[in-house]
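Here's the structure, in structure tokens; my notes come after.
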Amino acid sequence: MEPFRVLLVDAAPGPLLGRELERLLGHGLAVTLNLRRVTDRAAVRAEWGDRVEFTDFDPFDEVALLAGTVRDGLGHHAVKSRAGVPLRAAFLAGATRPGLAHPLRVIGRAGAGTDHVDLTAAARHGVTVTHTPGSNADAVAEFALAQLLTLTRDIRSYDAAAHRGEWRAPVTPPPELSELTLGIVGAGRIGLALAGRAGALGMDVQALARHRDAAREPRPGRASTSTPRPASVPSSASAPGPDPASVPASVSAPGPAPAFRSAARPAPAPAPAPAPASMPDPRPAPGLASVSTPRPASVPSSASAPGPAPASVPASVSAPDPAPASTSAARPAPAPAPMSTPRPAPALASAQAPRPVLTLPELLATSDVVSLHLPLTPETRGLIGRAELALMRPGAILLNTARGGIVDEQALADALRDPAHPLAAAAVDTFEHEHAAFASPLHGLPNALLTPHIAGMTRGAMATAALRCADHMAALLAGRPDGIPVATA
């Protein structure tokens, strides 16, 4: 039987590339490697030239991407993406067109998010989309904690002053973490991993969990549509759904926004035996931390003065429930490659879950730091806009390691420029426009900590995602879908 053909649109970087190729080849797959983002192309050709085919194109050029996928009329059974290369309707139609020797059947994402894929078009063309939910949960949680510490202690301004030869002490000493309340929007695997770490450092942690059956209510200051719109979240995953290109970052999506329902989680029981290979783990991450009393609202910032506290808290909004995510830390093995082996989440310092909060306005008004951990769907797009930012505590901080479209970037920039606004600072790792199209109204703001979507890019997270994605694609191509996470519109 002829092997299934797989195109690596953007392979794992550095030494991880060899592990990824060995995994795919161990599954008996025929691999085509796009060299465009490979650093040492000559070395890769020399090492892998007798086992792998090569191509070279810009994956963010849709015409070049389609040409590279269907070249010579052969096509590829599967396409693997790591950096969120857009796979839209036109590409899906061309990669599955009649006459191709090997029309596209599977898209693999080495990561949690699938908002770069037109899931509706994929389903229409018979293409299954798999991903690796939970593979970067620890990495993103650690990064959000780093953002939090950087801004609450104003580390960047002291670093800049020291480099200028200035010895500057705080005018107003900052509070310790144990004096602050962290509000987490989206209590999925990443949100809970952050809750455990923040609680272990003494923070008061509260969380707003998503629930697909929660009733929708109008957002503050926005008109409601007459008929509620059902939330859309990919099945069996915490990954984002389709990303409507027609809604710019600076404009809030029409209609009511998602409602959120907070759900307390029980204290974790002793860890059971590992789940079967490559099966998603439905258990919440263990060891979540919270303290029992709320802390005073006071977060220092060198940028903006606090404004007045909101006079009232508008009605709640709601959203879908977090889906389970797998936790494997896959390792390479000789051919035939085994399926990934789950690894348990790290044990953390408390047996308590984050304190539940019932509404988004309540969480915004009672948190010193708000961290977003939601998928981007039509329901969550524009979730944090002008009205929501105005509800935040004086001196508050906003962290976004989720998706850029969840926050109205123009509204955020305007708030950070206004000394009277309650929002003091923000850390943003994800943007509406990224990669070659990167642009944001947040550029140049001293109280905005900006990073290029790197929260999940650790060695362990990227290896886990790459190897697990290889396992998922191989299983789907071989007709073994049981336990493989699949994203749907």
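Residue numbering restarts at 1 in every chain; chains get A, B, ... in the order shown in the structure tokens, and ligands count up from 1 in that same order.
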
Residues near Ala95 of chain A, cut-off 7 Å, only C-alpha atoms, skip fewer than 4 positions along chain, as a PDB file with N, CA and C atoms, in the first residue's frame:
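The resulting file, out-v5.pdb, is shown below:
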ATOM      1  N   LEU A  66      -1.094  26.812  -1.541  1.00  0.00           N
ATOM      2  CA  LEU A  66      -1.891  25.842  -2.308  1.00  0.00           C
ATOM      3  C   LEU A  66      -1.034  25.153  -3.358  1.00  0.00           C
ATOM      4  N   THR A  69       1.068  22.545  -1.837  1.00  0.00           N
ATOM      5  CA  THR A  69       0.293  21.399  -1.342  1.00  0.00           C
ATOM      6  C   THR A  69      -0.121  20.458  -2.460  1.00  0.00           C
ATOM      7  N   VAL A  70      -0.464  21.005  -3.627  1.00  0.00           N
ATOM      8  CA  VAL A  70      -1.005  20.167  -4.712  1.00  0.00           C
ATOM      9  C   VAL A  70      -0.003  19.966  -5.840  1.00  0.00           C
ATOM     10  N   GLY A  75      -0.775  16.197  -4.659  1.00  0.00           N
ATOM     11  CA  GLY A  75      -1.494  16.529  -3.437  1.00  0.00           C
ATOM     12  C   GLY A  75      -0.884  15.854  -2.224  1.00  0.00           C
ATOM     13  N   PHE A  91      -8.185  27.646   0.020  1.00  0.00           N
ATOM     14  CA  PHE A  91      -7.155  26.617   0.122  1.00  0.00           C
ATOM     15  C   PHE A  91      -7.784  25.238   0.257  1.00  0.00           C
ATOM     16  N   PRO A 103      -5.974  13.788  -2.475  1.00  0.00           N
ATOM     17  CA  PRO A 103      -6.654  14.973  -1.927  1.00  0.00           C
ATOM     18  C   PRO A 103      -6.495  15.053  -0.413  1.00  0.00           C
ATOM     19  N   LEU A 104      -6.560  16.258   0.093  1.00  0.00           N
ATOM     20  CA  LEU A 104      -6.375  16.509   1.523  1.00  0.00           C
ATOM     21  C   LEU A 104      -7.480  15.853   2.342  1.00  0.00           C
TER      22      LEU A 104
END

Spatial neighbours of Pro452 of chain A, 10 Å, only C-alpha atoms, chain gap at least 6 places, as a list in words
Val428, Asp429, Thr430, Phe431, Glu434, His435 and Phe438 of chain A

Skipping near chain neighbours, those fewer than 6 positions away, what residues fall within 7 Å of segment 106-119 of chain A using only C-alpha atoms, listed as a PyMOL selection string?
chain A and resi 77-82+84-89+127-135+238-243+376+465-466+469+473+488-489

What is the atom CA of Pro98 of chain A-atom CA of Ala122 of chain A distance in Å, reported with one decimal?
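Straight-line distance from atom CA of Pro98 of chain A to atom CA of Ala122 of chain A works out to 15.4 Å.
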
Which of segment 78-138 of chain A counts as helix (DSSP H, G or I) under DSSP, as a list in words please?
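Residues meeting the helix (DSSP H, G or I) criterion: Ala89, Ala90, Phe91, Leu92, Ala93, Gly94, Ala95, Leu119, Thr120, Ala121, Ala122, Ala123, Arg124, Ala137 and Asp138 of chain A.
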
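When only C-alpha atoms are used to measure the gap to Arg153 of chain A, the shortest distance among A:Ala425, A:Gly202, A:Gly483, A:Arg386 belongs to A:Ala425.
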